$ cat upload-v2.cif   # mmCIF, C-alpha atoms
data_model
loop_
_atom_site.label_atom_id
_atom_site.label_comp_id
_atom_site.auth_asym_id
_atom_site.auth_seq_id
_atom_site.Cartn_x
_atom_site.Cartn_y
_atom_site.Cartn_z
CA MET H 20 0.00 0.00 0.00
CA THR H 21 1.42 3.37 -1.00
CA THR H 22 0.71 6.64 0.71
CA SER H 23 0.76 10.02 -0.95
CA ALA H 24 2.99 12.75 0.33
CA PRO H 25 1.27 15.00 2.84
CA THR H 26 -0.12 18.21 1.47
CA HIS H 27 0.37 21.55 3.15
CA PRO H 28 -2.06 24.47 3.11
CA THR H 29 -1.10 27.18 0.65
CA PRO H 30 0.56 30.03 2.55
CA THR H 31 -1.63 33.08 3.08
CA GLY H 32 -0.64 36.44 4.49
CA LEU H 33 1.55 39.40 3.69
CA LEU H 34 5.09 40.70 3.80
CA LEU H 35 6.22 44.29 4.29
CA ILE H 36 9.15 44.79 1.95
CA ASP H 37 11.50 47.77 1.67
CA LYS H 38 11.73 47.83 -2.12
CA PRO H 39 15.21 48.56 -3.47
CA LEU H 40 16.02 51.08 -6.17
CA ARG H 41 15.50 50.07 -9.83
CA LEU H 42 13.64 46.83 -9.14
CA THR H 43 10.01 46.76 -10.29
CA SER H 44 7.21 45.97 -7.88
CA MET H 45 6.41 42.80 -9.84
CA GLY H 46 10.10 41.90 -9.64
CA VAL H 47 9.77 41.93 -5.85
CA CYS H 48 6.69 39.68 -6.12
CA ALA H 49 8.62 37.26 -8.35
CA ALA H 50 11.47 37.09 -5.81
CA VAL H 51 8.99 36.39 -3.00
CA ARG H 52 7.28 33.69 -5.09
CA ARG H 53 10.62 31.91 -5.68
CA ARG H 54 11.27 31.84 -1.95
CA LEU H 55 7.78 30.53 -1.20
CA VAL H 56 8.13 27.75 -3.77
CA ALA H 57 11.52 26.88 -2.27
CA GLY H 58 9.70 26.59 1.06
CA GLY H 59 7.19 24.09 -0.32
CA ALA H 60 4.41 26.31 -1.68
CA PRO H 61 2.72 25.42 -5.01
CA LYS H 62 4.61 26.73 -8.04
CA ARG H 63 1.60 28.80 -9.10
CA ILE H 64 0.97 30.41 -5.73
CA LYS H 65 -0.56 33.86 -6.10
CA VAL H 66 1.66 36.76 -5.11
CA GLY H 67 0.66 40.40 -5.64
CA HIS H 68 1.15 43.81 -4.10
CA GLY H 69 -0.98 46.59 -2.68
CA GLY H 70 0.15 49.51 -4.83
CA THR H 71 2.90 49.87 -7.43
CA LEU H 72 6.16 51.65 -6.77
CA ASP H 73 8.07 52.86 -9.85
CA PRO H 74 11.54 51.35 -10.41
CA LEU H 75 13.19 54.61 -9.30
CA ALA H 76 11.17 54.64 -6.06
CA THR H 77 12.10 52.81 -2.87
CA GLY H 78 10.26 52.03 0.32
CA LEU H 79 7.23 50.21 1.57
CA LEU H 80 5.68 47.58 -0.70
CA VAL H 81 2.90 45.48 0.81
CA VAL H 82 3.25 42.03 -0.78
CA LEU H 83 0.17 39.80 -0.63
CA VAL H 84 0.35 36.01 -0.71
CA GLY H 85 -2.27 33.35 -1.45
CA LYS H 86 -5.84 34.23 -0.51
CA ALA H 87 -4.59 37.57 0.87
CA THR H 88 -4.33 38.82 -2.73
CA ARG H 89 -8.11 39.34 -2.50
CA LEU H 90 -7.34 42.32 -0.25
CA CYS H 91 -5.40 44.10 -2.99
CA ASN H 92 -8.02 46.79 -3.63
CA GLN H 93 -8.53 47.43 0.08
CA ILE H 94 -4.80 47.81 0.67
CA MET H 95 -4.46 50.13 -2.33
CA ALA H 96 -7.32 52.29 -1.02
CA GLY H 97 -5.36 53.16 2.13
CA ASP H 98 -3.69 56.56 2.52
CA LYS H 99 -0.02 56.80 1.54
CA ARG H 100 2.97 58.77 2.82
CA TYR H 101 6.07 59.64 0.82
CA LEU H 102 9.41 61.41 1.09
CA ALA H 103 9.97 63.18 -2.23
CA ASP H 104 13.01 65.01 -3.62
CA VAL H 105 12.24 67.54 -6.35
CA ASP H 106 14.65 69.49 -8.56
CA LEU H 107 13.15 72.84 -9.55
CA SER H 108 15.75 73.50 -12.26
CA MET H 109 14.86 70.56 -14.54
CA THR H 110 11.97 69.09 -16.51
CA SER H 111 11.51 65.66 -18.04
CA PRO H 112 8.80 64.08 -20.21
CA THR H 113 8.53 61.33 -17.59
CA ASP H 114 8.47 63.91 -14.75
CA ASP H 115 11.38 62.02 -13.16
CA LEU H 116 14.96 60.93 -13.95
CA GLU H 117 13.91 58.13 -16.32
CA GLY H 118 13.37 60.50 -19.24
CA PRO H 119 15.71 62.92 -21.03
CA LEU H 120 16.35 65.93 -18.80
CA THR H 121 16.02 69.57 -19.79
CA HIS H 122 18.07 71.91 -17.59
CA LEU H 123 16.47 75.35 -17.41
CA GLN H 124 18.63 78.46 -17.40
CA ASP H 125 18.28 81.93 -15.87
CA LEU H 126 15.67 80.90 -13.32
CA VAL H 127 14.83 83.22 -10.45
CA PRO H 128 14.94 81.05 -7.32
CA PRO H 129 11.62 81.18 -5.45
CA THR H 130 11.81 82.17 -1.80
CA ARG H 131 10.89 79.64 0.85
CA GLU H 132 7.68 81.61 1.38
CA ASP H 133 6.89 81.29 -2.34
CA VAL H 134 7.43 77.54 -2.12
CA ALA H 135 5.28 77.28 1.02
CA ASP H 136 2.44 79.16 -0.67
CA ALA H 137 2.65 76.99 -3.79
CA VAL H 138 2.74 73.79 -1.73
CA ALA H 139 -0.31 74.90 0.27
CA SER H 140 -2.31 75.32 -2.95
CA PHE H 141 -2.08 71.58 -3.60
CA ILE H 142 -3.53 70.48 -0.25
CA GLY H 143 -7.08 69.15 -0.33
CA GLU H 144 -9.00 67.63 -3.22
CA ILE H 145 -7.35 68.72 -6.46
CA GLN H 146 -7.56 67.86 -10.15
CA GLN H 147 -4.34 66.10 -11.15
CA ARG H 148 -3.22 65.05 -14.63
CA PRO H 149 -1.42 61.66 -14.50
CA PRO H 150 2.05 61.51 -16.05
CA ALA H 151 2.32 60.61 -19.74
CA TYR H 152 4.48 57.69 -18.58
CA SER H 153 1.92 55.91 -16.42
CA ALA H 154 -0.08 52.70 -16.40
CA MET H 155 -3.30 54.56 -17.18
CA LYS H 156 -5.04 53.33 -20.33
CA ILE H 157 -5.80 55.40 -23.43
CA GLY H 158 -7.97 53.61 -25.97
CA GLY H 159 -7.17 50.30 -24.29
CA GLU H 160 -3.38 50.77 -24.35
CA ARG H 161 -1.07 51.73 -21.48
CA ALA H 162 -0.04 55.38 -21.63
CA TYR H 163 3.64 54.58 -21.05
CA ARG H 164 3.74 52.41 -24.18
CA LEU H 165 2.30 55.24 -26.27
CA ALA H 166 4.75 57.68 -24.68
CA ARG H 167 7.77 55.47 -25.37
CA ARG H 168 6.83 55.14 -29.03
CA ALA H 169 6.39 58.90 -29.29
CA LEU H 170 9.81 59.50 -27.73
CA GLU H 171 11.47 56.98 -30.05
CA SER H 172 9.92 58.57 -33.15
CA ASP H 173 10.77 62.15 -32.16
CA PRO H 174 13.19 62.49 -29.22
CA GLU H 175 13.37 66.28 -29.54
CA ALA H 176 9.62 67.00 -29.52
CA PRO H 177 7.68 63.82 -28.73
CA ASN H 178 3.90 63.93 -29.15
CA LEU H 179 3.17 62.57 -25.70
CA PRO H 180 -0.32 61.34 -24.78
CA GLU H 181 -2.45 63.75 -22.77
CA LEU H 182 -4.36 62.17 -19.92
CA ALA H 183 -7.46 63.78 -18.51
CA PRO H 184 -7.13 65.29 -15.03
CA ARG H 185 -8.83 63.37 -12.23
CA PRO H 186 -9.58 64.16 -8.59
CA VAL H 187 -7.07 63.12 -5.93
CA ILE H 188 -6.72 64.06 -2.28
CA ILE H 189 -3.56 65.40 -0.69
CA HIS H 190 -3.89 65.58 3.08
CA ALA H 191 -0.65 67.36 3.96
CA ILE H 192 2.69 68.45 2.53
CA ASP H 193 5.55 69.45 4.81
CA ILE H 194 8.70 71.15 3.53
CA LEU H 195 11.62 69.29 5.09
CA GLU H 196 14.47 70.99 3.20
CA TYR H 197 14.77 73.72 0.60
CA ASP H 198 17.99 74.89 -1.04
CA PHE H 199 17.20 75.89 -4.60
CA PRO H 200 16.89 73.94 -6.80
CA ARG H 201 16.57 71.05 -4.34
CA LEU H 202 13.34 70.59 -2.41
CA ARG H 203 12.44 67.73 -0.06
CA LEU H 204 8.81 67.11 0.90
CA ASP H 205 6.91 64.83 3.27
CA ILE H 206 3.59 64.08 1.57
CA ARG H 207 0.45 62.39 2.92
CA CYS H 208 -2.11 61.63 0.26
CA GLY H 209 -4.95 59.41 -0.85
CA LYS H 210 -5.23 56.68 -3.45
CA GLY H 211 -4.16 57.41 -7.01
CA THR H 212 -1.97 60.44 -6.32
CA TYR H 213 1.06 60.69 -8.60
CA ILE H 214 3.99 62.33 -6.84
CA ARG H 215 5.70 62.82 -10.21
CA SER H 216 2.72 64.90 -11.30
CA LEU H 217 2.85 66.88 -8.07
CA ALA H 218 6.54 67.69 -8.71
CA ARG H 219 5.72 68.81 -12.26
CA ASP H 220 2.73 70.93 -11.22
CA LEU H 221 4.58 72.49 -8.32
CA GLY H 222 7.23 73.69 -10.78
CA VAL H 223 4.54 75.14 -13.02
CA ALA H 224 3.04 77.01 -10.07
CA LEU H 225 6.45 78.44 -9.18
CA GLY H 226 7.45 79.27 -12.74
CA THR H 227 10.39 76.87 -12.55
CA GLY H 228 11.17 73.32 -13.51
CA GLY H 229 9.76 70.42 -11.55
CA CYS H 230 11.35 66.97 -11.75
CA LEU H 231 11.09 64.18 -9.18
CA THR H 232 14.61 62.97 -8.41
CA ALA H 233 13.92 60.51 -5.57
CA LEU H 234 10.86 58.97 -3.94
CA ARG H 235 10.48 56.81 -0.87
CA ARG H 236 7.14 55.46 0.38
CA THR H 237 6.99 55.33 4.15
CA GLN H 238 3.39 54.32 4.85
CA VAL H 239 0.47 52.43 3.26
CA GLY H 240 -2.67 52.56 5.39
CA ARG H 241 -1.85 50.97 8.75
CA TYR H 242 1.51 49.67 7.56
CA SER H 243 4.79 51.53 8.12
CA ILE H 244 8.26 51.37 6.59
CA ASP H 245 9.54 50.94 10.16
CA ASP H 246 8.22 47.37 10.06
CA ALA H 247 9.48 46.55 6.55
CA VAL H 248 12.32 44.17 5.70
CA PRO H 249 14.81 44.72 2.86
CA LEU H 250 14.29 42.19 0.09
CA ASP H 251 17.85 40.91 0.41
CA ALA H 252 17.27 40.22 4.11
CA LEU H 253 14.47 37.71 3.44
CA PRO H 254 15.39 34.05 3.93
CA GLN H 255 15.79 32.03 0.75
CA THR H 256 12.88 29.82 1.80
CA LEU H 257 9.61 31.32 3.00
CA THR H 258 6.78 29.47 4.73
CA GLN H 259 3.53 30.36 6.46
CA GLN H 260 5.35 31.25 9.66
CA ASP H 261 7.24 34.02 7.84
CA LEU H 262 4.04 35.82 6.81
CA LEU H 263 2.07 38.44 8.70
CA PRO H 264 -1.71 38.09 9.12
CA ALA H 265 -3.58 39.74 6.27
CA GLN H 266 -5.69 42.71 7.31
CA PRO H 267 -7.13 45.57 5.26
CA ALA H 268 -5.08 48.79 5.30
#
$ encode --input "upload-v2.cif" --output "structure tokens"
Amino acid sequence: MTTSAPTHPTPTGLLLIDKPLRLTSMGVCAAVRRRLVAGGAPKRIKVGHGGTLDPLATGLLVVLVGKATRLCNQIMAGDKRYLADVDLSMTSPTDDLEGPLTHLQDLVPPTREDVADAVASFIGEIQQRPPAYSAMKIGGERAYRLARRALESDPEAPNLPELAPRPVIIHAIDILEYDFPRLRLDIRCGKGTYIRSLARDLGVALGTGGCLTALRRTQVGRYSIDDAVPLDALPQTLTQQDLLPAQPA
């Protein structure tokens, strides 16, 4: 008489990961999946995340495993907090360092009071135009794909897609440092806010450039970067005991 190997419940829960620079959010999920499979999980175990971070962003990524992936929308709906570095002397079609940079000349540096007034105008519910390089869809196609094709066909004056403004909520913006052209902000905002767009629009309001040069997410709903683990610090095998209980943000 033969007996089948014992089966183990599919792991369910979440991980709080401090995403490194240049790795995509789905790249983090793939690395977590490999470790779960190495720990005995099914090869097709579901692994997702509660809100994308761009490759040039670091910080808190809530990774959802197994049945916890059902909470994706609830996690994404939670308020976010970011540390953002903005350069007021540059512009970019991507609104960050991924695109070709234009360095503006002969700018009059705004005073700190000017910056504070401009920042205050973005607090509350505002209409924000998503970046041309975003995952928003235009006619069924991702905007960033359309933007890349436009840049390849005409690098000097690309015909970038225009996305319609949409309402977002920004709860608070604190100026942490300002030494023109460098500006560091602590931002608390609601779902769907693009910090790249905020950097761009802040520059427009000040009559300067506005390019996001660094971004770090420090909070997603109830979850904090203080409790996150660097991806490289995760064990090479992950099991149920390594996961946190899944709760909405």
$ resolve_selection --input "upload-v2.cif" --expression "the PyMOL selection byres ((chain H and resi 233) around 6)" --output "number ranges by chain"
H: 103-104, 231-232, 234
$ residues_around --input "upload-v2.cif" --residues "H:Ala57" --least-positions-apart "5" --cutoff "8 Å" --atoms "only C-alpha atoms" --output "list in words"
Gln255, Thr256 and Leu257 of chain H
$ residues_around --input "upload-v2.cif" --residues "H:Arg53" --least-positions-apart "3" --cutoff "12 Å" --atoms "all atoms listed in the file" --output "list in words"
Gly46, Val47, Cys48, Ala49, Ala50, Val56, Ala57, Gly58, Gly59, Ala60, Pro61, Lys62, Arg63, Ile64, Lys65, Val66, Leu253, Pro254, Gln255, Thr256, Leu257 and Thr258 of chain H
$ residues_around --input "upload-v2.cif" --residues "H:Ser108" --least-positions-apart "3" --cutoff "8 Å" --atoms "all atoms listed in the file" --output "PyMOL selection string"
chain H and resi 122-124+126+200+227-230
$ atom_distance --input "upload-v2.cif" --atom1 "atom CA of H:Ala265" --atom2 "atom CA of H:Ile206"
25.8 Å
$ resolve_selection --input "upload-v2.cif" --expression "the PyMOL selection byres ((chain H and resi 75) around 6)" --output "ChimeraX atom specification"
/H:40-41,73-74,76
$ closest_residue --input "upload-v2.cif" --among "H:Thr113, H:Thr29, H:Gln260, H:Thr77" --to "H:Ala247" --atoms "only C-alpha atoms"
H:Thr77
$ resolve_selection --input "upload-v2.cif" --expression "the PyMOL selection byres ((chain H and resi 80-91) around 6)" --output "list in words"
Pro30, Thr31, Gly32, Leu33, Leu34, Leu35, Ile36, Lys65, Val66, Gly67, His68, Gly69, Leu79, Asn92, Gln93, Ile94 and Ala265 of chain H
$ atom_distance --input "upload-v2.cif" --atom1 "atom CA of H:Ile244" --atom2 "atom CA of H:Gly78"
6.6 Å
$ closest_residue --input "upload-v2.cif" --among "H:Asp205, H:Asp98, H:Ala135, H:Pro112" --to "H:Asp193" --atoms "all atoms listed in the file"
H:Asp205
$ atom_distance --input "upload-v2.cif" --atom1 "atom CA of H:Glu144" --atom2 "atom CA of H:Asp220"
14.6 Å
$ closest_residue --input "upload-v2.cif" --among "H:Gly97, H:Pro39, H:Pro28, H:Pro184" --to "H:Gln146" --atoms "all atoms listed in the file"
H:Pro184
$ closest_residue --input "upload-v2.cif" --among "H:Pro149, H:Leu204, H:Lys210, H:Leu195" --to "H:Glu181" --atoms "only C-alpha atoms"
H:Pro149
$ closest_residue --input "upload-v2.cif" --among "H:Arg164, H:Arg207, H:Lys99, H:Lys156" --to "H:Phe141" --atoms "all atoms listed in the file"
H:Arg207
$ decode --input "upload-v2.cif" --residues "stretch 28-43 of chain H" --atoms "all heavy atoms" --output "PDB file, in the first residue's frame"
ATOM      1  N   PRO H  28      -1.229  23.342   3.541  1.00  0.00           N
ATOM      2  CA  PRO H  28      -2.064  24.467   3.105  1.00  0.00           C
ATOM      3  C   PRO H  28      -1.216  25.508   2.379  1.00  0.00           C
ATOM      4  O   PRO H  28      -0.061  25.748   2.748  1.00  0.00           O
ATOM      5  CB  PRO H  28      -2.627  25.011   4.421  1.00  0.00           C
ATOM      6  CG  PRO H  28      -2.473  23.914   5.421  1.00  0.00           C
ATOM      7  CD  PRO H  28      -1.267  23.146   5.003  1.00  0.00           C
ATOM      8  N   THR H  29      -1.800  26.114   1.371  1.00  0.00           N
ATOM      9  CA  THR H  29      -1.103  27.177   0.648  1.00  0.00           C
ATOM     10  C   THR H  29      -0.900  28.365   1.577  1.00  0.00           C
ATOM     11  O   THR H  29      -1.851  28.820   2.220  1.00  0.00           O
ATOM     12  CB  THR H  29      -1.920  27.614  -0.578  1.00  0.00           C
ATOM     13  OG1 THR H  29      -2.073  26.496  -1.443  1.00  0.00           O
ATOM     14  CG2 THR H  29      -1.209  28.740  -1.322  1.00  0.00           C
ATOM     15  N   PRO H  30       0.315  28.888   1.669  1.00  0.00           N
ATOM     16  CA  PRO H  30       0.559  30.033   2.552  1.00  0.00           C
ATOM     17  C   PRO H  30      -0.340  31.214   2.211  1.00  0.00           C
ATOM     18  O   PRO H  30      -0.613  31.484   1.040  1.00  0.00           O
ATOM     19  CB  PRO H  30       2.039  30.367   2.298  1.00  0.00           C
ATOM     20  CG  PRO H  30       2.641  29.079   1.825  1.00  0.00           C
ATOM     21  CD  PRO H  30       1.554  28.414   1.025  1.00  0.00           C
ATOM     22  N   THR H  31      -0.781  31.894   3.238  1.00  0.00           N
ATOM     23  CA  THR H  31      -1.630  33.079   3.084  1.00  0.00           C
ATOM     24  C   THR H  31      -1.190  34.137   4.080  1.00  0.00           C
ATOM     25  O   THR H  31      -0.989  33.834   5.259  1.00  0.00           O
ATOM     26  CB  THR H  31      -3.110  32.736   3.326  1.00  0.00           C
ATOM     27  OG1 THR H  31      -3.580  31.877   2.296  1.00  0.00           O
ATOM     28  CG2 THR H  31      -3.971  33.987   3.339  1.00  0.00           C
ATOM     29  N   GLY H  32      -1.034  35.359   3.600  1.00  0.00           N
ATOM     30  CA  GLY H  32      -0.642  36.445   4.486  1.00  0.00           C
ATOM     31  C   GLY H  32       0.057  37.536   3.704  1.00  0.00           C
ATOM     32  O   GLY H  32      -0.114  37.656   2.490  1.00  0.00           O
ATOM     33  N   LEU H  33       0.863  38.321   4.385  1.00  0.00           N
ATOM     34  CA  LEU H  33       1.550  39.405   3.694  1.00  0.00           C
ATOM     35  C   LEU H  33       2.954  39.610   4.238  1.00  0.00           C
ATOM     36  O   LEU H  33       3.308  39.142   5.315  1.00  0.00           O
ATOM     37  CB  LEU H  33       0.734  40.701   3.775  1.00  0.00           C
ATOM     38  CG  LEU H  33       0.385  41.275   5.151  1.00  0.00           C
ATOM     39  CD1 LEU H  33       1.530  42.112   5.713  1.00  0.00           C
ATOM     40  CD2 LEU H  33      -0.865  42.130   5.062  1.00  0.00           C
ATOM     41  N   LEU H  34       3.739  40.300   3.434  1.00  0.00           N
ATOM     42  CA  LEU H  34       5.087  40.703   3.797  1.00  0.00           C
ATOM     43  C   LEU H  34       5.208  42.207   3.576  1.00  0.00           C
ATOM     44  O   LEU H  34       4.652  42.746   2.612  1.00  0.00           O
ATOM     45  CB  LEU H  34       6.130  39.983   2.941  1.00  0.00           C
ATOM     46  CG  LEU H  34       6.305  38.485   3.159  1.00  0.00           C
ATOM     47  CD1 LEU H  34       7.083  37.884   1.997  1.00  0.00           C
ATOM     48  CD2 LEU H  34       7.028  38.217   4.475  1.00  0.00           C
ATOM     49  N   LEU H  35       5.910  42.871   4.455  1.00  0.00           N
ATOM     50  CA  LEU H  35       6.215  44.288   4.288  1.00  0.00           C
ATOM     51  C   LEU H  35       7.663  44.397   3.828  1.00  0.00           C
ATOM     52  O   LEU H  35       8.588  44.104   4.587  1.00  0.00           O
ATOM     53  CB  LEU H  35       6.001  45.041   5.600  1.00  0.00           C
ATOM     54  CG  LEU H  35       4.609  44.906   6.230  1.00  0.00           C
ATOM     55  CD1 LEU H  35       4.532  45.698   7.528  1.00  0.00           C
ATOM     56  CD2 LEU H  35       3.521  45.363   5.256  1.00  0.00           C
ATOM     57  N   ILE H  36       7.835  44.777   2.571  1.00  0.00           N
ATOM     58  CA  ILE H  36       9.148  44.791   1.954  1.00  0.00           C
ATOM     59  C   ILE H  36       9.603  46.229   1.718  1.00  0.00           C
ATOM     60  O   ILE H  36       8.835  47.074   1.260  1.00  0.00           O
ATOM     61  CB  ILE H  36       9.129  44.048   0.600  1.00  0.00           C
ATOM     62  CG1 ILE H  36       8.643  42.608   0.787  1.00  0.00           C
ATOM     63  CG2 ILE H  36      10.501  44.071  -0.053  1.00  0.00           C
ATOM     64  CD1 ILE H  36       9.527  41.754   1.644  1.00  0.00           C
ATOM     65  N   ASP H  37      10.864  46.498   2.018  1.00  0.00           N
ATOM     66  CA  ASP H  37      11.496  47.771   1.675  1.00  0.00           C
ATOM     67  C   ASP H  37      12.082  47.606   0.279  1.00  0.00           C
ATOM     68  O   ASP H  37      13.168  47.057   0.104  1.00  0.00           O
ATOM     69  CB  ASP H  37      12.577  48.113   2.701  1.00  0.00           C
ATOM     70  CG  ASP H  37      13.137  49.517   2.511  1.00  0.00           C
ATOM     71  OD1 ASP H  37      12.914  50.110   1.444  1.00  0.00           O
ATOM     72  OD2 ASP H  37      13.820  50.008   3.439  1.00  0.00           O
ATOM     73  N   LYS H  38      11.327  48.061  -0.735  1.00  0.00           N
ATOM     74  CA  LYS H  38      11.727  47.828  -2.124  1.00  0.00           C
ATOM     75  C   LYS H  38      13.015  48.575  -2.460  1.00  0.00           C
ATOM     76  O   LYS H  38      13.141  49.772  -2.180  1.00  0.00           O
ATOM     77  CB  LYS H  38      10.629  48.270  -3.094  1.00  0.00           C
ATOM     78  CG  LYS H  38      10.903  47.859  -4.538  1.00  0.00           C
ATOM     79  CD  LYS H  38       9.935  48.484  -5.511  1.00  0.00           C
ATOM     80  CE  LYS H  38      10.393  49.856  -5.973  1.00  0.00           C
ATOM     81  NZ  LYS H  38      11.661  49.846  -6.757  1.00  0.00           N
ATOM     82  N   PRO H  39      13.968  47.882  -3.087  1.00  0.00           N
ATOM     83  CA  PRO H  39      15.209  48.563  -3.466  1.00  0.00           C
ATOM     84  C   PRO H  39      15.043  49.383  -4.745  1.00  0.00           C
ATOM     85  O   PRO H  39      14.077  49.223  -5.494  1.00  0.00           O
ATOM     86  CB  PRO H  39      16.180  47.392  -3.696  1.00  0.00           C
ATOM     87  CG  PRO H  39      15.308  46.258  -4.127  1.00  0.00           C
ATOM     88  CD  PRO H  39      14.013  46.435  -3.367  1.00  0.00           C
ATOM     89  N   LEU H  40      15.994  50.242  -4.969  1.00  0.00           N
ATOM     90  CA  LEU H  40      16.017  51.083  -6.165  1.00  0.00           C
ATOM     91  C   LEU H  40      16.150  50.225  -7.415  1.00  0.00           C
ATOM     92  O   LEU H  40      16.865  49.226  -7.433  1.00  0.00           O
ATOM     93  CB  LEU H  40      17.193  52.057  -6.067  1.00  0.00           C
ATOM     94  CG  LEU H  40      17.294  53.160  -7.104  1.00  0.00           C
ATOM     95  CD1 LEU H  40      16.159  54.164  -6.942  1.00  0.00           C
ATOM     96  CD2 LEU H  40      18.651  53.879  -6.976  1.00  0.00           C
ATOM     97  N   ARG H  41      15.433  50.616  -8.461  1.00  0.00           N
ATOM     98  CA  ARG H  41      15.498  50.072  -9.828  1.00  0.00           C
ATOM     99  C   ARG H  41      14.776  48.743 -10.014  1.00  0.00           C
ATOM    100  O   ARG H  41      14.540  48.343 -11.152  1.00  0.00           O
ATOM    101  CB  ARG H  41      16.955  49.953 -10.334  1.00  0.00           C
ATOM    102  CG  ARG H  41      17.665  51.291 -10.316  1.00  0.00           C
ATOM    103  CD  ARG H  41      18.899  51.319 -11.186  1.00  0.00           C
ATOM    104  NE  ARG H  41      19.539  52.626 -11.113  1.00  0.00           N
ATOM    105  CZ  ARG H  41      19.154  53.698 -11.791  1.00  0.00           C
ATOM    106  NH1 ARG H  41      18.116  53.609 -12.616  1.00  0.00           N
ATOM    107  NH2 ARG H  41      19.780  54.853 -11.650  1.00  0.00           N
ATOM    108  N   LEU H  42      14.415  48.057  -8.982  1.00  0.00           N
ATOM    109  CA  LEU H  42      13.636  46.828  -9.138  1.00  0.00           C
ATOM    110  C   LEU H  42      12.159  47.192  -9.254  1.00  0.00           C
ATOM    111  O   LEU H  42      11.666  48.080  -8.554  1.00  0.00           O
ATOM    112  CB  LEU H  42      13.855  45.914  -7.943  1.00  0.00           C
ATOM    113  CG  LEU H  42      13.251  44.504  -8.026  1.00  0.00           C
ATOM    114  CD1 LEU H  42      13.872  43.726  -9.188  1.00  0.00           C
ATOM    115  CD2 LEU H  42      13.466  43.757  -6.711  1.00  0.00           C
ATOM    116  N   THR H  43      11.444  46.507 -10.162  1.00  0.00           N
ATOM    117  CA  THR H  43      10.013  46.764 -10.288  1.00  0.00           C
ATOM    118  C   THR H  43       9.262  46.113  -9.137  1.00  0.00           C
ATOM    119  O   THR H  43       9.766  45.196  -8.471  1.00  0.00           O
ATOM    120  CB  THR H  43       9.469  46.219 -11.615  1.00  0.00           C
ATOM    121  OG1 THR H  43       9.560  44.786 -11.601  1.00  0.00           O
ATOM    122  CG2 THR H  43      10.238  46.766 -12.805  1.00  0.00           C
TER     123      THR H  43
END
